[in-house]
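Q: What follows is a structure written as structure tokens; I'll ask about it next.
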Amino acid sequence: MSRKLLSSLLRSCTTHSTTSQCHAQTILQSLLPNVILETDILLAYTKLGLMAHARKLFDKMPQRNMHSWNIMIASYTHSSMYFDAVTVFQAFKQCGSLPDHYTLPPLFKISIGIGEPCFGRMCHGLVVKLGYEEIVVVTNSVLEFYIKCGTVSQALSVFSNHNAHRDSVTWNLMISGFGKAGLYSDAVHCFREMLKHQSGYELDYMTLPSILSACGKEGDMLKVKEVHGFIVRNFGFHADAPIGNALIDNYGKCGSLKDSENVFNTVGCVNLVTWTTMISCYGMHGKGEESVFLFEKMMEEGFRPNAVTLTAILASCSHSGLLDQGKKIFSSMISDYGFEPTAEHYACMVDLLGRCGYLEEALRLLKRMKSSSVTGSMWGALLAGCVMHKNVEIGEVAAHQLFQLEPNNTSNYVALCGIYQSLGMARGVSTVRAKMRGLSLVKTPGCSWINIAGRAHKFYQGDLSHPLSHMIFQTLYVISNTQLSTNDLGVGYLLHDDDTFVMA
DNA sequence: CTAGGGTTAG
């Protein structure tokens with residue numbers, strides 16, 4: 001067999017055995033060493049995720065080209081083996097070579113993967129110095145890097161500096177970046193800008209889940225509906241699964257379970273995430289029975305739940321007080337599916353037991369675990385249960401664990417304080433407050449808001465300064481039909497975005 | 001050989 005033939009065979013290999021056979025042939029026919037052929041073998045191994053095989057060959061190669069270095073760096077990165085990727089990159093630099101536009105994008109992923117943003121910033125410098133700023137793929141990876149670091153301002157400056165070299169990926173990165181940073185109105189603004197720059201049929205459907213999520217997290221159902229209409233007009237009803245999933249999720253987040261159900265019942269593409277999303281929508285709306293029903297139906301249809309599905313169903317049971325169903329699902333996941341419960345699942349179970357008032361049982365569950373594997377979220381769930389059921393003994397245990405684990409989390413101090421307060425334990429209250437002062441911790445006030453007719457109405461706890469607060473108070477009183485103090489109601493004032501009052 | 005979207009959690 002000729003080199004050429006083996007080369008093209010290698011490029012079409014899709015299994016371990018065919019790749020190994022081709023590799024063996026190159027050796028048998030004394031075709032090695034040969035950079036082109038060896039690089040083909042490297043690529044074939046890495047495509048199959050056989051990094052150890054690739055590395056063994058790579059280390060033996062007497063000669064390497066840019067392609068072979070890039071394959072190793074990119075595939076280690078792809079396999080989340082960031083430190084191996086760094087080692088290869090360092091060896092590469094030792095040879096005195098400079099990275100090219102294929103080398104650079106994985107370097108930003110490595111920087112995030114190893115948690116060293118300095119490395120990424122240095123690579124950004126390399127991009128500029130080596131003149132790769134005009135290659136859109138490279139610039140997009142720089143943009144993604146700054147977004148993943150949480151430095152939106154840096155991302156925005158990269159975005160603005162490259163208005164001549166943008167593609168749909170660039171726009172999508174910026175829109176989803178704003179959304180991830182909680183800058184929802186900026187995300188919407190960016191989406192509008194994008195639409196101005198391209199005509200309808202060129203529109204990229206990958207942007208749609210991002211914009212839906214920004215609208216949904218803002219709680220703006222009108223915008224979600226608007227984007228939904230836009231999707232139907234431009235893409236028809238048979239959107240792909242992530243779009244349907246985003247619609248279900250965000251209708252749910254905006255409080256319209258009916259619309260979520262509607263999408264769920266009519267979408268063309270359904271996957272595990274679709275089921276999980278719908279289950280968690282029912283959970284959010286306190287409809288645990290529906291969640292359990294859907295969970296069972298999902299399994300009947302042959303979907304195997306994953307870790308996220310399990311978290312969703314457990315959280316759902318928890319919110320609806322379905323103790324037995326939750327326990328049953330948790331133990332059957334372990335026995336029937338050999339599932340290894342994660343920290344989140346234990347936190348859900350503690351939450352479930354705690355809400356139902358089984359605080360001792362919840363504490364026992366945590367005490368059975370290795371103390372190093374008990375997370376803050378588990379103690380946090382227990383503490384929340386103690387607040388609900390005014391249990392000071394277990395509450396103190398949980399709170400003191402949390403003070404060790406997350407000393408700067410103000411919510412934990414406030415929670416313990418709340419238990420003391422509800423039991424009239426004045427000394428406890430002042431001790432916790434003194435502790436907070438000593439650590440100079442300040443609690444940011446909780447705020448909730450709703451969007452009505454495109455305007456954001458914010459509510460802070462215990463504030464009655466709005467002229468309509470009396471009316472709101474009365475309405476809440478009627479709804480709750482119980483004797484509540486002003487403080488319990490959390491009545492606030494309505495504020496517009498620019499802090500001017502809005503008259504309903 | 002390089003870049004982008006969806007699901008949990010208090």
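Labeling convention for the structure tokens: chains A, B, ... as they appear, residues from 1 per chain, ligands from 1 in order of appearance.
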If the cut-off is 6 Å, can you tell me the residues of chain A near chain B, counting only C-alpha atoms (C1' of nucleotides)? I'd like them as a list in words.
A: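 Taken together, these residues fit the definition: Asn70, Ile71, Tyr102, Pro105, Val137, Asn140, Ser141, Val169, Asn172, Leu173, Met206, Thr207, Pro209, Pro242, Asn245, Ala246, Val273, Thr276, Thr277, Val308, Thr311 and Ala312 of chain A.
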Q: Which residues are close to Gly354 (chain A), i.e. within 7 Å by only C-alpha atoms (C1' of nucleotides), leaving aside same-chain residues fewer than 6 positions away? Reply as a PyMOL selection string.
A: chain A and resi 362+382+385
Q: Just the selected residues (C-alpha atoms), exported as a PDB file, in the first residue's frame, please.
A:
```
ATOM      1  CA  ALA A 362     -31.728  15.264  57.628  1.00  0.00           C
ATOM      2  CA  LEU A 382     -30.669  22.112  56.524  1.00  0.00           C
ATOM      3  CA  GLY A 385     -35.427  23.868  57.070  1.00  0.00           C
TER       4      GLY A 385
END
```
Q: List the neighbours of Val397 (chain A) out to 12 Å using only C-alpha atoms (C1' of nucleotides); skip same-chain residues closer than 6 positions along the sequence, and give me the result as a list in words.
A: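 Neighbouring residues, sequence-local ones excluded: Leu359, Glu360, Leu363, Leu366, Lys367, Trp379, Gly380, Leu382, Leu383, Cys386, Asn391, Phe403, Gln404, Asn412 and Leu416 of chain A.
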Q: Using N, CA, C and O atoms, can you export the residues from the last selection as a JSON list (two decimals), in the first residue's frame?
A:
```
[["chain", "number", "residue", "atom", "x", "y", "z"],
["A", 359, "LEU", "N", -36.01, 17.24, 60.58],
["A", 359, "LEU", "CA", -34.69, 17.85, 60.69],
["A", 359, "LEU", "C", -33.65, 16.90, 61.28],
["A", 359, "LEU", "O", -32.50, 16.90, 60.86],
["A", 360, "GLU", "N", -34.08, 16.09, 62.24],
["A", 360, "GLU", "CA", -33.13, 15.13, 62.83],
["A", 360, "GLU", "C", -32.68, 14.13, 61.77],
["A", 360, "GLU", "O", -31.50, 13.82, 61.67],
["A", 363, "LEU", "N", -30.25, 15.72, 59.48],
["A", 363, "LEU", "CA", -28.94, 15.85, 60.13],
["A", 363, "LEU", "C", -28.22, 14.50, 60.16],
["A", 363, "LEU", "O", -27.02, 14.43, 59.90],
["A", 366, "LEU", "N", -26.53, 13.72, 56.91],
["A", 366, "LEU", "CA", -25.25, 14.42, 56.73],
["A", 366, "LEU", "C", -24.17, 13.84, 57.63],
["A", 366, "LEU", "O", -23.00, 13.79, 57.25],
["A", 367, "LYS", "N", -24.57, 13.40, 58.82],
["A", 367, "LYS", "CA", -23.57, 12.86, 59.75],
["A", 367, "LYS", "C", -23.04, 11.51, 59.28],
["A", 367, "LYS", "O", -21.93, 11.13, 59.63],
["A", 379, "TRP", "N", -25.59, 21.95, 54.16],
["A", 379, "TRP", "CA", -25.83, 22.63, 55.44],
["A", 379, "TRP", "C", -26.82, 23.78, 55.22],
["A", 379, "TRP", "O", -27.66, 24.06, 56.07],
["A", 380, "GLY", "N", -26.71, 24.44, 54.08],
["A", 380, "GLY", "CA", -27.61, 25.56, 53.77],
["A", 380, "GLY", "C", -29.06, 25.10, 53.68],
["A", 380, "GLY", "O", -29.96, 25.76, 54.19],
["A", 382, "LEU", "N", -30.26, 22.48, 55.16],
["A", 382, "LEU", "CA", -30.67, 22.11, 56.52],
["A", 382, "LEU", "C", -31.04, 23.37, 57.32],
["A", 382, "LEU", "O", -32.07, 23.40, 58.01],
["A", 383, "LEU", "N", -30.21, 24.40, 57.20],
["A", 383, "LEU", "CA", -30.47, 25.65, 57.92],
["A", 383, "LEU", "C", -31.81, 26.26, 57.49],
["A", 383, "LEU", "O", -32.59, 26.72, 58.32],
["A", 386, "CYS", "N", -34.50, 24.57, 59.19],
["A", 386, "CYS", "CA", -34.56, 24.98, 60.59],
["A", 386, "CYS", "C", -35.25, 26.33, 60.76],
["A", 386, "CYS", "O", -35.94, 26.56, 61.74],
["A", 391, "ASN", "N", -36.25, 25.60, 64.45],
["A", 391, "ASN", "CA", -35.47, 24.65, 65.24],
["A", 391, "ASN", "C", -34.10, 25.24, 65.53],
["A", 391, "ASN", "O", -33.23, 25.32, 64.66],
["A", 403, "PHE", "N", -20.61, 28.88, 58.86],
["A", 403, "PHE", "CA", -19.72, 30.01, 59.18],
["A", 403, "PHE", "C", -18.26, 29.62, 58.89],
["A", 403, "PHE", "O", -17.45, 30.46, 58.52],
["A", 404, "GLN", "N", -17.95, 28.31, 59.04],
["A", 404, "GLN", "CA", -16.61, 27.82, 58.73],
["A", 404, "GLN", "C", -16.40, 27.74, 57.22],
["A", 404, "GLN", "O", -15.39, 28.18, 56.71],
["A", 412, "ASN", "N", -26.36, 33.21, 55.68],
["A", 412, "ASN", "CA", -26.32, 32.26, 56.78],
["A", 412, "ASN", "C", -26.52, 32.95, 58.13],
["A", 412, "ASN", "O", -27.20, 32.43, 59.01],
["A", 416, "LEU", "N", -29.78, 32.38, 60.73],
["A", 416, "LEU", "CA", -29.69, 32.02, 62.14],
["A", 416, "LEU", "C", -30.37, 33.09, 62.99],
["A", 416, "LEU", "O", -31.11, 32.80, 63.94]]
```
Q: Among region 319-483 of chain A, which residues does DSSP mark as alpha helix (DSSP H) when it is run on the backbone? Keep the chain and numbering as in the structure and answer as a PyMOL selection string.
A: chain A and resi 319+323-337+343-355+359-368+376-388+392-405+410-422+426-438+469-480
Q: Do you have the CA of Ser318 (chain A)-CA of Cys215 (chain A) distance handy?
A: 27.3 Å
Q: Which residues are near Gln421 (chain A)? Cut-off 12 Å, only C-alpha atoms (C1' of nucleotides), ignore same chain within fewer than 2 positions. Put them as a PyMOL selection string.
A: chain A and resi 387+390-392+414-419+423-433
Q: Produce a file of the selected residues containing all heavy atoms, as a CSV table (one decimal), in the first residue's frame.
A:
```csv
chain,number,residue,atom,x,y,z
A,387,VAL,N,-35.0,27.2,59.8
A,387,VAL,CA,-35.7,28.5,59.8
A,387,VAL,C,-37.2,28.3,59.7
A,387,VAL,O,-38.0,28.8,60.5
A,387,VAL,CB,-35.2,29.4,58.7
A,387,VAL,CG1,-36.0,30.7,58.6
A,387,VAL,CG2,-33.7,29.8,58.8
A,390,LYS,N,-38.4,26.6,62.9
A,390,LYS,CA,-38.0,27.3,64.1
A,390,LYS,C,-37.2,26.3,65.0
A,390,LYS,O,-37.5,26.2,66.2
A,390,LYS,CB,-39.1,27.9,64.9
A,390,LYS,CG,-39.9,28.9,64.0
A,390,LYS,CD,-41.0,29.5,64.7
A,390,LYS,CE,-41.7,30.6,63.8
A,390,LYS,NZ,-43.1,30.9,64.3
A,391,ASN,N,-36.2,25.6,64.4
A,391,ASN,CA,-35.5,24.7,65.2
A,391,ASN,C,-34.1,25.2,65.5
A,391,ASN,O,-33.2,25.3,64.7
A,391,ASN,CB,-35.3,23.3,64.5
A,391,ASN,CG,-34.6,22.3,65.3
A,391,ASN,OD1,-33.6,22.6,66.0
A,391,ASN,ND2,-35.1,21.1,65.2
A,392,VAL,N,-33.9,25.7,66.8
A,392,VAL,CA,-32.7,26.4,67.1
A,392,VAL,C,-31.5,25.4,67.3
A,392,VAL,O,-30.4,25.8,66.9
A,392,VAL,CB,-32.9,27.3,68.3
A,392,VAL,CG1,-33.1,26.6,69.6
A,392,VAL,CG2,-31.7,28.3,68.4
A,414,VAL,N,-28.0,35.8,58.6
A,414,VAL,CA,-29.4,36.3,58.6
A,414,VAL,C,-30.4,35.2,59.0
A,414,VAL,O,-31.3,35.4,59.7
A,414,VAL,CB,-29.7,37.0,57.3
A,414,VAL,CG1,-31.2,37.4,57.2
A,414,VAL,CG2,-28.9,38.2,57.0
A,415,ALA,N,-30.1,34.0,58.4
A,415,ALA,CA,-31.0,32.9,58.7
A,415,ALA,C,-31.0,32.5,60.1
A,415,ALA,O,-32.0,32.3,60.8
A,415,ALA,CB,-30.5,31.7,57.8
A,416,LEU,N,-29.8,32.4,60.7
A,416,LEU,CA,-29.7,32.0,62.1
A,416,LEU,C,-30.4,33.1,63.0
A,416,LEU,O,-31.1,32.8,63.9
A,416,LEU,CB,-28.2,31.8,62.6
A,416,LEU,CG,-28.0,31.4,64.0
A,416,LEU,CD1,-28.7,30.1,64.3
A,416,LEU,CD2,-26.5,31.4,64.4
A,417,CYS,N,-30.1,34.3,62.6
A,417,CYS,CA,-30.7,35.4,63.3
A,417,CYS,C,-32.3,35.3,63.3
A,417,CYS,O,-32.9,35.6,64.3
A,417,CYS,CB,-30.3,36.7,62.6
A,417,CYS,SG,-30.3,38.1,63.7
A,418,GLY,N,-32.8,34.9,62.1
A,418,GLY,CA,-34.2,34.8,61.9
A,418,GLY,C,-34.8,33.7,62.9
A,418,GLY,O,-35.9,33.9,63.4
A,419,ILE,N,-34.0,32.6,63.1
A,419,ILE,CA,-34.5,31.6,64.0
A,419,ILE,C,-34.6,32.2,65.4
A,419,ILE,O,-35.7,32.0,66.1
A,419,ILE,CB,-33.6,30.4,64.0
A,419,ILE,CG1,-33.5,29.7,62.6
A,419,ILE,CG2,-34.1,29.3,65.1
A,419,ILE,CD1,-32.5,28.6,62.6
A,423,LEU,N,-38.1,33.0,67.8
A,423,LEU,CA,-38.3,32.4,69.1
A,423,LEU,C,-38.2,33.4,70.2
A,423,LEU,O,-38.2,33.0,71.4
A,423,LEU,CB,-37.3,31.2,69.3
A,423,LEU,CG,-37.5,30.0,68.3
A,423,LEU,CD1,-36.3,29.1,68.4
A,423,LEU,CD2,-38.8,29.3,68.6
A,424,GLY,N,-38.0,34.7,69.8
A,424,GLY,CA,-37.9,35.7,70.8
A,424,GLY,C,-36.6,35.6,71.6
A,424,GLY,O,-36.5,36.1,72.8
A,425,MET,N,-35.5,35.0,71.0
A,425,MET,CA,-34.2,34.9,71.7
A,425,MET,C,-33.4,36.1,71.4
A,425,MET,O,-32.5,36.1,70.6
A,425,MET,CB,-33.5,33.6,71.3
A,425,MET,CG,-34.4,32.4,71.7
A,425,MET,SD,-33.8,30.9,70.9
A,425,MET,CE,-32.3,30.6,71.9
A,426,ALA,N,-33.6,37.2,72.2
A,426,ALA,CA,-32.9,38.4,71.9
A,426,ALA,C,-31.4,38.3,72.0
A,426,ALA,O,-30.7,39.0,71.2
A,426,ALA,CB,-33.4,39.5,72.9
A,427,ARG,N,-30.9,37.5,72.9
A,427,ARG,CA,-29.5,37.5,73.1
A,427,ARG,C,-28.8,36.8,71.9
A,427,ARG,O,-27.8,37.3,71.4
A,427,ARG,CB,-29.1,36.7,74.4
A,427,ARG,CG,-27.6,36.8,74.6
A,427,ARG,CD,-27.1,36.6,76.0
A,427,ARG,NE,-27.9,36.4,77.1
A,427,ARG,CZ,-27.8,35.3,78.0
A,427,ARG,NH1,-26.8,34.5,77.7
A,427,ARG,NH2,-28.5,35.2,79.0
A,428,GLY,N,-29.4,35.8,71.4
A,428,GLY,CA,-28.9,35.2,70.1
A,428,GLY,C,-28.9,36.2,69.0
A,428,GLY,O,-27.9,36.2,68.3
A,429,VAL,N,-29.9,36.9,68.8
A,429,VAL,CA,-30.0,37.9,67.8
A,429,VAL,C,-28.8,38.9,67.9
A,429,VAL,O,-28.1,39.1,66.9
A,429,VAL,CB,-31.3,38.7,67.8
A,429,VAL,CG1,-31.3,39.8,66.8
A,429,VAL,CG2,-32.5,37.8,67.6
A,430,SER,N,-28.6,39.4,69.1
A,430,SER,CA,-27.5,40.4,69.2
A,430,SER,C,-26.1,39.8,69.0
A,430,SER,O,-25.2,40.4,68.5
A,430,SER,CB,-27.6,41.2,70.5
A,430,SER,OG,-27.7,40.3,71.6
A,431,THR,N,-26.0,38.5,69.4
A,431,THR,CA,-24.7,37.8,69.2
A,431,THR,C,-24.4,37.7,67.7
A,431,THR,O,-23.2,38.0,67.3
A,431,THR,CB,-24.7,36.4,69.8
A,431,THR,OG1,-25.2,36.5,71.2
A,431,THR,CG2,-23.3,35.8,69.9
A,432,VAL,N,-25.4,37.3,67.0
A,432,VAL,CA,-25.1,37.1,65.5
A,432,VAL,C,-24.8,38.5,64.9
A,432,VAL,O,-23.9,38.6,64.0
A,432,VAL,CB,-26.3,36.4,64.8
A,432,VAL,CG1,-26.0,36.3,63.3
A,432,VAL,CG2,-26.5,35.0,65.4
A,433,ARG,N,-25.6,39.5,65.3
A,433,ARG,CA,-25.4,40.8,64.7
A,433,ARG,C,-24.0,41.3,65.0
A,433,ARG,O,-23.4,41.9,64.1
A,433,ARG,CB,-26.5,41.8,65.2
A,433,ARG,CG,-27.8,41.4,64.6
A,433,ARG,CD,-28.7,42.6,64.5
A,433,ARG,NE,-30.0,42.3,63.8
A,433,ARG,CZ,-31.2,42.7,64.2
A,433,ARG,NH1,-31.3,43.4,65.2
A,433,ARG,NH2,-32.2,42.3,63.5
```
